[in-house]
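This is upload-v8.csv (CSV, C-alpha atoms).
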chain,number,residue,atom,x,y,z
A,1,MET,CA,51.6,8.5,-12.2
A,2,GLU,CA,48.3,10.2,-11.0
A,3,ASN,CA,47.2,10.9,-14.6
A,4,SER,CA,48.0,7.3,-15.5
A,5,LYS,CA,45.9,5.9,-12.7
A,6,ARG,CA,43.0,8.2,-13.6
A,7,MET,CA,43.1,7.2,-17.2
A,8,ASN,CA,43.0,3.6,-16.1
A,9,ARG,CA,40.0,4.2,-13.8
A,10,TYR,CA,38.0,5.7,-16.7
A,11,LEU,CA,39.3,3.4,-19.4
A,12,ARG,CA,35.9,1.8,-19.9
A,13,ASN,CA,34.3,5.3,-20.4
A,14,ARG,CA,36.1,5.7,-23.7
A,15,ILE,CA,34.1,6.3,-26.9
A,16,TYR,CA,31.2,7.4,-24.7
A,17,LEU,CA,33.4,10.2,-23.3
A,18,SER,CA,36.5,11.7,-24.9
A,19,THR,CA,39.6,12.5,-22.8
A,20,GLU,CA,38.7,16.1,-23.0
A,21,GLU,CA,35.2,15.5,-21.8
A,22,GLN,CA,36.4,13.3,-19.0
A,23,GLU,CA,38.6,16.1,-17.8
A,24,LYS,CA,35.7,18.5,-17.9
A,25,LEU,CA,33.7,16.2,-15.7
A,26,ARG,CA,36.6,15.9,-13.2
A,27,ASN,CA,36.7,19.6,-12.8
A,28,PHE,CA,33.0,20.2,-12.7
A,29,SER,CA,31.7,20.9,-9.1
A,30,ILE,CA,28.3,19.7,-7.8
A,31,VAL,CA,26.4,20.4,-4.7
A,32,ILE,CA,23.8,17.8,-3.7
A,33,ALA,CA,21.2,19.0,-1.3
A,34,GLY,CA,19.6,15.9,0.3
A,35,SER,CA,21.3,12.5,0.5
A,36,GLY,CA,18.3,10.2,0.1
A,37,ILE,CA,18.0,9.7,-3.6
A,38,GLY,CA,21.0,12.0,-3.6
A,39,SER,CA,23.0,9.1,-2.3
A,40,ASN,CA,22.4,7.1,-5.5
A,41,ILE,CA,23.1,10.2,-7.7
A,42,ALA,CA,26.3,10.9,-5.9
A,43,GLU,CA,27.8,7.4,-6.5
A,44,CYS,CA,26.6,7.3,-10.1
A,45,ALA,CA,28.2,10.7,-10.8
A,46,LEU,CA,31.4,9.9,-9.0
A,47,ARG,CA,31.9,6.6,-10.9
A,48,THR,CA,31.3,8.4,-14.2
A,49,GLY,CA,34.1,10.9,-13.4
A,50,PHE,CA,32.7,13.8,-11.4
A,51,GLU,CA,35.3,14.2,-8.7
A,52,LYS,CA,34.1,17.4,-7.0
A,53,ILE,CA,31.0,16.7,-4.9
A,54,CYS,CA,29.6,18.2,-1.8
A,55,VAL,CA,26.7,16.5,0.0
A,56,ILE,CA,24.4,18.3,2.4
A,57,ASP,CA,21.9,16.7,4.8
A,58,GLY,CA,21.0,16.8,8.5
A,59,ASP,CA,19.0,13.5,8.4
A,60,PHE,CA,19.9,10.1,9.9
A,61,ILE,CA,19.7,6.7,8.2
A,62,GLU,CA,16.6,4.7,9.0
A,63,GLU,CA,15.6,1.1,8.1
A,64,THR,CA,12.9,2.4,5.8
A,65,ASN,CA,15.6,4.0,3.7
A,66,LEU,CA,17.3,0.7,2.8
A,67,ASN,CA,14.8,-0.3,0.1
A,68,ARG,CA,16.1,2.4,-2.2
A,69,GLN,CA,18.9,4.5,-0.8
A,70,ASN,CA,22.6,3.9,-1.0
A,71,TYR,CA,23.2,2.7,2.6
A,72,THR,CA,23.5,-0.5,4.7
A,73,GLU,CA,22.1,-2.0,7.9
A,74,ASP,CA,25.4,-1.2,9.7
A,75,GLN,CA,24.8,2.5,9.0
A,76,ILE,CA,21.3,2.8,10.5
A,77,GLY,CA,21.4,5.7,13.0
A,78,SER,CA,24.3,7.4,11.3
A,79,PRO,CA,24.2,10.8,9.7
A,80,LYS,CA,23.4,10.4,6.0
A,81,ALA,CA,25.8,13.0,4.8
A,82,SER,CA,28.9,11.6,6.6
A,83,ALA,CA,28.0,8.0,5.8
A,84,LEU,CA,27.7,8.9,2.1
A,85,TYR,CA,31.0,10.7,2.3
A,86,GLU,CA,32.7,7.6,3.6
A,87,ARG,CA,31.1,5.6,0.8
A,88,LEU,CA,32.2,8.0,-1.9
A,89,ILE,CA,35.8,8.4,-0.6
A,90,SER,CA,36.1,4.6,-0.4
A,91,ILE,CA,35.4,4.5,-4.2
A,92,ASN,CA,37.8,7.3,-5.1
A,93,ARG,CA,40.1,8.6,-2.3
A,94,ASN,CA,41.6,11.2,-4.6
A,95,ALA,CA,38.2,12.9,-5.3
A,96,GLU,CA,37.3,16.2,-3.7
A,97,ILE,CA,34.4,15.0,-1.6
A,98,SER,CA,32.9,17.1,1.2
A,99,PHE,CA,29.8,16.9,3.4
A,100,ILE,CA,27.8,19.1,5.7
A,101,ASN,CA,25.7,17.3,8.4
A,102,GLN,CA,23.0,20.0,8.6
A,103,PHE,CA,19.6,20.7,7.2
A,104,ILE,CA,19.2,23.5,4.8
A,105,SER,CA,17.2,26.5,5.9
A,106,SER,CA,17.0,30.3,5.3
A,107,GLY,CA,19.7,30.8,7.9
A,108,ASN,CA,21.8,27.9,6.7
A,109,MET,CA,22.3,27.9,3.0
A,110,PRO,CA,25.5,26.7,1.3
A,111,ALA,CA,27.4,29.1,-1.0
A,112,THR,CA,25.9,27.7,-4.1
A,113,GLY,CA,27.9,30.1,-6.3
A,114,SER,CA,31.0,27.9,-5.5
A,115,TYR,CA,29.5,25.1,-7.6
A,116,GLN,CA,28.6,24.7,-11.2
A,117,ALA,CA,25.4,22.6,-10.8
A,118,GLY,CA,23.0,21.7,-8.0
A,119,ILE,CA,20.9,18.6,-7.2
A,120,ASN,CA,17.8,19.3,-5.3
A,121,ALA,CA,16.9,16.0,-3.6
A,122,LEU,CA,15.3,17.6,-0.6
A,123,ASP,CA,12.1,16.4,1.0
A,124,TYR,CA,9.1,18.8,0.7
A,125,SER,CA,8.4,18.7,4.4
A,126,ASN,CA,9.3,22.5,4.6
A,127,ASP,CA,10.4,25.3,2.4
A,128,ALA,CA,14.0,24.1,2.0
A,129,PRO,CA,13.6,22.8,-1.6
A,130,HIS,CA,12.4,26.2,-2.8
A,131,LEU,CA,15.1,28.1,-0.8
A,132,PHE,CA,17.7,25.9,-2.4
A,133,ASP,CA,16.3,26.5,-5.9
A,134,MET,CA,16.3,30.2,-5.3
A,135,ALA,CA,19.9,30.1,-4.1
A,136,CYS,CA,21.0,28.2,-7.2
A,137,PHE,CA,19.0,30.5,-9.4
A,138,ASN,CA,20.5,33.6,-7.8
A,139,SER,CA,24.0,32.0,-8.3
A,140,GLY,CA,23.3,31.4,-11.9
A,141,ILE,CA,23.7,27.6,-11.8
A,142,PRO,CA,21.3,25.0,-13.1
A,143,VAL,CA,19.6,22.8,-10.5
A,144,LEU,CA,18.3,19.2,-11.2
A,145,HIS,CA,15.2,17.9,-9.5
A,146,PRO,CA,15.1,14.1,-9.4
A,147,TYR,CA,11.9,12.1,-8.6
A,148,ASN,CA,11.6,8.4,-7.8
A,149,VAL,CA,8.4,7.2,-9.5
A,150,GLY,CA,8.8,3.6,-8.6
A,151,TRP,CA,9.1,1.8,-12.0
A,152,GLY,CA,11.0,4.8,-13.5
A,153,GLY,CA,12.7,8.1,-12.9
A,154,LEU,CA,11.6,11.7,-13.5
A,155,VAL,CA,14.0,14.6,-13.7
A,156,THR,CA,13.6,18.3,-14.6
A,157,VAL,CA,16.3,21.0,-14.7
A,158,ILE,CA,15.7,24.5,-13.5
A,159,SER,CA,17.9,26.8,-15.6
A,160,ASP,CA,19.4,30.0,-14.4
A,161,LYS,CA,16.8,31.8,-16.6
A,162,GLY,CA,13.8,30.2,-14.9
A,163,PRO,CA,11.0,29.5,-14.5
A,164,LEU,CA,11.3,28.0,-11.0
A,165,LEU,CA,9.4,24.8,-10.1
A,166,ARG,CA,7.3,26.8,-7.7
A,167,SER,CA,5.6,28.4,-10.7
A,168,ILE,CA,3.2,25.3,-11.0
A,169,GLU,CA,2.3,25.5,-7.3
A,170,LYS,CA,-1.4,25.6,-6.6
A,171,ALA,CA,-3.2,26.6,-3.4
A,172,GLY,CA,-1.6,24.9,-0.4
A,173,ASP,CA,1.8,23.2,0.1
A,174,PHE,CA,3.8,22.1,-2.9
A,175,THR,CA,5.0,18.4,-2.7
A,176,GLU,CA,6.8,15.8,-4.8
A,177,LEU,CA,3.4,14.6,-5.7
A,178,ASP,CA,2.6,17.9,-7.4
A,179,ALA,CA,5.6,17.6,-9.6
A,180,VAL,CA,4.9,14.1,-10.6
A,181,ALA,CA,1.2,14.9,-11.2
A,182,TYR,CA,2.3,17.8,-13.4
A,183,ALA,CA,4.4,15.4,-15.5
A,184,ALA,CA,1.5,12.9,-15.8
A,185,SER,CA,-0.9,15.6,-16.9
A,186,TYR,CA,1.6,16.9,-19.4
A,187,HIS,CA,1.9,13.5,-21.1
A,188,ARG,CA,-1.9,13.1,-21.2
A,189,TYR,CA,-2.3,16.6,-22.7
A,190,TRP,CA,0.0,15.6,-25.5
A,191,GLY,CA,-1.7,12.3,-26.2
A,192,LYS,CA,0.8,10.1,-24.5
A,193,PRO,CA,-0.9,9.2,-21.2
A,194,GLN,CA,1.2,7.3,-18.6
A,195,VAL,CA,-1.7,5.4,-17.2
A,196,TRP,CA,0.4,3.4,-14.8
A,197,LEU,CA,1.7,6.6,-13.3
A,198,GLU,CA,-1.7,8.1,-13.0
A,199,GLU,CA,-3.0,5.0,-11.3
A,200,ILE,CA,-0.1,5.2,-8.7
A,201,ILE,CA,-0.9,8.9,-8.1
A,202,ASN,CA,-4.6,8.2,-7.6
A,203,GLU,CA,-4.0,5.3,-5.3
A,204,TYR,CA,-1.5,7.2,-3.2
A,205,ARG,CA,-3.9,10.1,-2.9
A,206,SER,CA,-6.6,7.7,-1.6
A,207,GLU,CA,-4.5,6.2,1.2
A,208,ASP,CA,-6.1,6.8,4.6
A,209,PHE,CA,-2.8,7.5,6.4
A,210,ALA,CA,-0.4,10.4,5.9
A,211,LEU,CA,2.3,8.1,4.5
A,212,PRO,CA,5.3,9.1,2.5
A,213,PRO,CA,5.2,8.4,-1.3
A,214,PRO,CA,5.8,4.8,-2.4
A,215,GLN,CA,9.3,4.4,-4.0
A,216,LEU,CA,11.4,1.6,-5.3
A,217,ALA,CA,15.1,1.1,-5.7
A,218,ILE,CA,14.5,0.9,-9.5
A,219,GLY,CA,13.2,4.5,-9.5
A,220,SER,CA,16.2,5.7,-7.4
A,221,TRP,CA,18.7,4.3,-9.9
A,222,TYR,CA,16.8,5.4,-12.9
A,223,ALA,CA,16.8,9.0,-11.6
A,224,ALA,CA,20.5,8.7,-10.6
A,225,ALA,CA,21.4,7.6,-14.1
A,226,MET,CA,19.3,10.3,-15.7
A,227,CYS,CA,20.8,13.0,-13.4
A,228,THR,CA,24.3,11.8,-14.2
A,229,HIS,CA,23.7,11.9,-17.9
A,230,LEU,CA,22.3,15.4,-17.6
A,231,LEU,CA,25.3,16.5,-15.6
A,232,VAL,CA,27.5,15.2,-18.4
A,233,LYS,CA,25.5,17.3,-20.9
A,234,ILE,CA,25.8,20.4,-18.7
A,235,ALA,CA,29.5,19.9,-18.0
A,236,THR,CA,30.3,19.4,-21.7
A,237,GLY,CA,28.1,22.0,-23.1
A,238,LYS,CA,25.5,19.7,-24.8
A,239,TYR,CA,21.8,20.5,-25.2
A,240,TYR,CA,19.4,19.5,-22.5
A,241,LYS,CA,15.7,20.3,-21.8
A,242,THR,CA,14.8,22.6,-19.0
A,243,PHE,CA,11.6,23.1,-16.9
A,244,PRO,CA,8.7,23.2,-17.8
A,245,GLU,CA,10.0,20.3,-19.9
A,246,PHE,CA,11.3,17.2,-18.2
A,247,TYR,CA,12.6,13.7,-18.7
A,248,LEU,CA,10.6,10.6,-17.8
A,249,SER,CA,12.2,7.2,-18.3
A,250,THR,CA,10.4,3.8,-17.7
A,251,LEU,CA,9.9,0.5,-19.4
A,252,PHE,CA,6.2,1.3,-19.2
A,253,GLN,CA,6.6,3.7,-22.0
A,254,ASP,CA,6.8,0.7,-24.3
A,255,GLU,CA,3.1,-0.1,-23.6
A,256,ASN,CA,2.1,3.1,-25.3
A,257,LEU,CA,3.4,1.7,-28.6
A,258,LEU,CA,1.2,-1.4,-28.4

File written out as structure tokens:
Amino acid sequence: MENSKRMNRYLRNRIYLSTEEQEKLRNFSIVIAGSGIGSNIAECALRTGFEKICVIDGDFIEETNLNRQNYTEDQIGSPKASALYERLISINRNAEISFINQFISSGNMPATGSYQAGINALDYSNDAPHLFDMACFNSGIPVLHPYNVGWGGLVTVISDKGPLLRSIEKAGDFTELDAVAYAASYHRYWGKPQVWLEEIINEYRSEDFALPPPQLAIGSWYAAAMCTHLLVKIATGKYYKTFPEFYLSTLFQDENLL
């Protein structure tokens, strides 16, 4: 009966995913560090068939999250990780969903070796993203880095062979902006400048106040879809690019063809 219900749940995945591939997804375990953009990724992955997901975050839901993250007004003030758990388990009560309502630090690191892939969706307000990368690297599992670039999504995968994202760090603190700027410069170097993205970067850098990066719901769901597709590739043994290469998806890419 359980197998019949599962087959019915994923009936519309057919052709895109074989029965054997769907089973690989079901048994593939993911740890998501950070449940901001991670909240969108978690739902997209769960609906695609990944049924073993752990979410880690010590943050609380704020009104400013609601323009792009997978939460509601009724949840403002609630812990993100447990709220996301409730959302995911309401979608698939038979899935193996777990959560940890704590921030990641050097003294509080999940046993990443228990998982087969990581999602690094942590804010660069401290060293936690680099610590999580190193933990995944030492555990021999790939870790995906998603970025909301407003009108698109940017994702890179750190493989268990490296290099780590920190290899492009310059003097000073490393931030999400550095990763996005690296991608923009990479496109310009290869003769495919993303002018729209360069303009956003420059305008953000010129802001007078220390505001967080501008982000849209569009970018969150772009990145969520890209991460989920990459997780499918990883789980089923398909080819995927790794850092220092990356994936950038946006409708603005069409403008380069004009």

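Going from CA of Pro129 in chain A to CA of Thr72 in chain A covers 26.1 Å.
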
How close does each residue of range 196-249 of chain A get to range 18-35 of chain A, giving the shortest atom pair and distance in Å to one decimal for every residue with an atom at most 7 Å away, counting only C-alpha atoms, sorted by chain and residue number, as a tab-separated table?
residue	atom	partner	partner_atom	distance
A:Val232	CA	A:Leu25	CA	6.8
A:Ala235	CA	A:Leu25	CA	6.1
A:Thr236	CA	A:Glu21	CA	6.3

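Closest approach to Ile53 in chain A among A:Ile41, A:Ile168, A:Ile97, A:Leu11 is made by A:Ile97 (distances from only C-alpha atoms).
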
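The coordinates place CA of Ser98 in chain A at 18.4 Å from CA of Gln75 in chain A.
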
Write out as a ChimeraX atom specification which residues come within 12 Å of Val195 in chain A when counting all atoms listed in the file, dropping same-chain ones fewer than 3 positions away. /A:181,183-185,187-188,191-192,198-202,252-253,255-256

Separation of CA of Asn67 in chain A from CA of Gly152 in chain A, in Å and rounded to one decimal: 15.0 Å

May I have the residues at most 9 Å from (15.8, 14.6, -7.1) in the file's coordinates, counting all atoms listed in the file, as a list in words? Gly34, Gly36, Ile37, Gly38, Ile41, Ile119, Asn120, Ala121, Leu122, Leu144, His145, Pro146, Tyr147, Asn148, Leu154, Val155, Thr156, Ser220, Ala223, Ala224 and Cys227 of chain A

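Among A:Thr242, A:Asn94, A:Ser139, A:Ser249, the residue with the shortest atom-to-atom distance to Ala225 in chain A, counting all atoms listed in the file, is A:Ser249.
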
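Between Ser105 in chain A and the candidates A:Tyr124, A:Phe132, A:Tyr85, A:Phe243, the tightest atom-to-atom separation, counting only C-alpha atoms, involves A:Phe132.
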
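Minimum atom-to-atom distance to Tyr204 in chain A, evaluated using only C-alpha atoms, belongs to A:Val149 out of A:Val149, A:Ile100, A:Ile158, A:Met134.
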
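If all atoms listed in the file are the atoms counted, then among A:Ala45, A:Ile234, A:Leu88, A:Leu164 the closest residue to Trp221 in chain A is A:Ala45.
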
Write out as an MDAnalysis selection string each polymer residue whose atoms come within 8 Å of Val143 in chain A, counting all atoms listed in the file; drop sequence neighbours fewer than 3 positions from it. chainID A and resid 117:120 133 136:137 157:159

Set the distance at 10 Å and use only C-alpha atoms: which residues neighbour Ser106 in chain A once local chain neighbours fewer than 5 positions away are removed? I'd like the list as an mmCIF file with C-alpha atoms, in the coordinates of the input.
data_model
loop_
_atom_site.group_PDB
_atom_site.id
_atom_site.type_symbol
_atom_site.label_atom_id
_atom_site.label_comp_id
_atom_site.auth_asym_id
_atom_site.auth_seq_id
_atom_site.Cartn_x
_atom_site.Cartn_y
_atom_site.Cartn_z
ATOM 1 C CA ASP A 127 10.400 25.300 2.400
ATOM 2 C CA ALA A 128 14.000 24.100 2.000
ATOM 3 C CA LEU A 131 15.100 28.100 -0.800
ATOM 4 C CA PHE A 132 17.700 25.900 -2.400
ATOM 5 C CA ALA A 135 19.900 30.100 -4.100
#

Can you rebuild range 171-188 of chain A with N, CA and C atoms and give it as a CSV table (one decimal), in the frame of the given file?
chain,number,residue,atom,x,y,z
A,171,ALA,N,-2.9,26.2,-4.8
A,171,ALA,CA,-3.2,26.6,-3.4
A,171,ALA,C,-2.7,25.5,-2.5
A,172,GLY,N,-2.1,25.9,-1.4
A,172,GLY,CA,-1.6,24.9,-0.4
A,172,GLY,C,-0.1,24.6,-0.6
A,173,ASP,N,0.4,23.6,0.1
A,173,ASP,CA,1.8,23.2,0.1
A,173,ASP,C,2.1,22.5,-1.2
A,174,PHE,N,3.3,22.7,-1.7
A,174,PHE,CA,3.8,22.1,-2.9
A,174,PHE,C,4.6,20.8,-2.4
A,175,THR,N,4.4,19.7,-3.1
A,175,THR,CA,5.0,18.4,-2.7
A,175,THR,C,5.6,17.7,-3.9
A,176,GLU,N,6.3,16.6,-3.7
A,176,GLU,CA,6.8,15.8,-4.8
A,176,GLU,C,5.7,15.4,-5.7
A,177,LEU,N,4.5,15.1,-5.0
A,177,LEU,CA,3.4,14.6,-5.7
A,177,LEU,C,2.9,15.6,-6.8
A,178,ASP,N,3.0,16.9,-6.5
A,178,ASP,CA,2.6,17.9,-7.4
A,178,ASP,C,3.4,17.9,-8.7
A,179,ALA,N,4.7,17.7,-8.5
A,179,ALA,CA,5.6,17.6,-9.6
A,179,ALA,C,5.4,16.4,-10.5
A,180,VAL,N,5.1,15.3,-9.9
A,180,VAL,CA,4.9,14.1,-10.6
A,180,VAL,C,3.5,14.2,-11.3
A,181,ALA,N,2.5,14.7,-10.6
A,181,ALA,CA,1.2,14.9,-11.2
A,181,ALA,C,1.3,15.8,-12.4
A,182,TYR,N,2.1,16.9,-12.3
A,182,TYR,CA,2.3,17.8,-13.4
A,182,TYR,C,2.8,17.0,-14.7
A,183,ALA,N,3.8,16.2,-14.4
A,183,ALA,CA,4.4,15.4,-15.5
A,183,ALA,C,3.4,14.5,-16.2
A,184,ALA,N,2.6,13.8,-15.3
A,184,ALA,CA,1.5,12.9,-15.8
A,184,ALA,C,0.5,13.7,-16.7
A,185,SER,N,0.1,14.9,-16.2
A,185,SER,CA,-0.9,15.6,-16.9
A,185,SER,C,-0.3,16.2,-18.2
A,186,TYR,N,0.9,16.5,-18.2
A,186,TYR,CA,1.6,16.9,-19.4
A,186,TYR,C,1.6,15.8,-20.5
A,187,HIS,N,1.9,14.6,-20.1
A,187,HIS,CA,1.9,13.5,-21.1
A,187,HIS,C,0.4,13.2,-21.6
A,188,ARG,N,-0.5,13.3,-20.7
A,188,ARG,CA,-1.9,13.1,-21.2
A,188,ARG,C,-2.3,14.2,-22.1
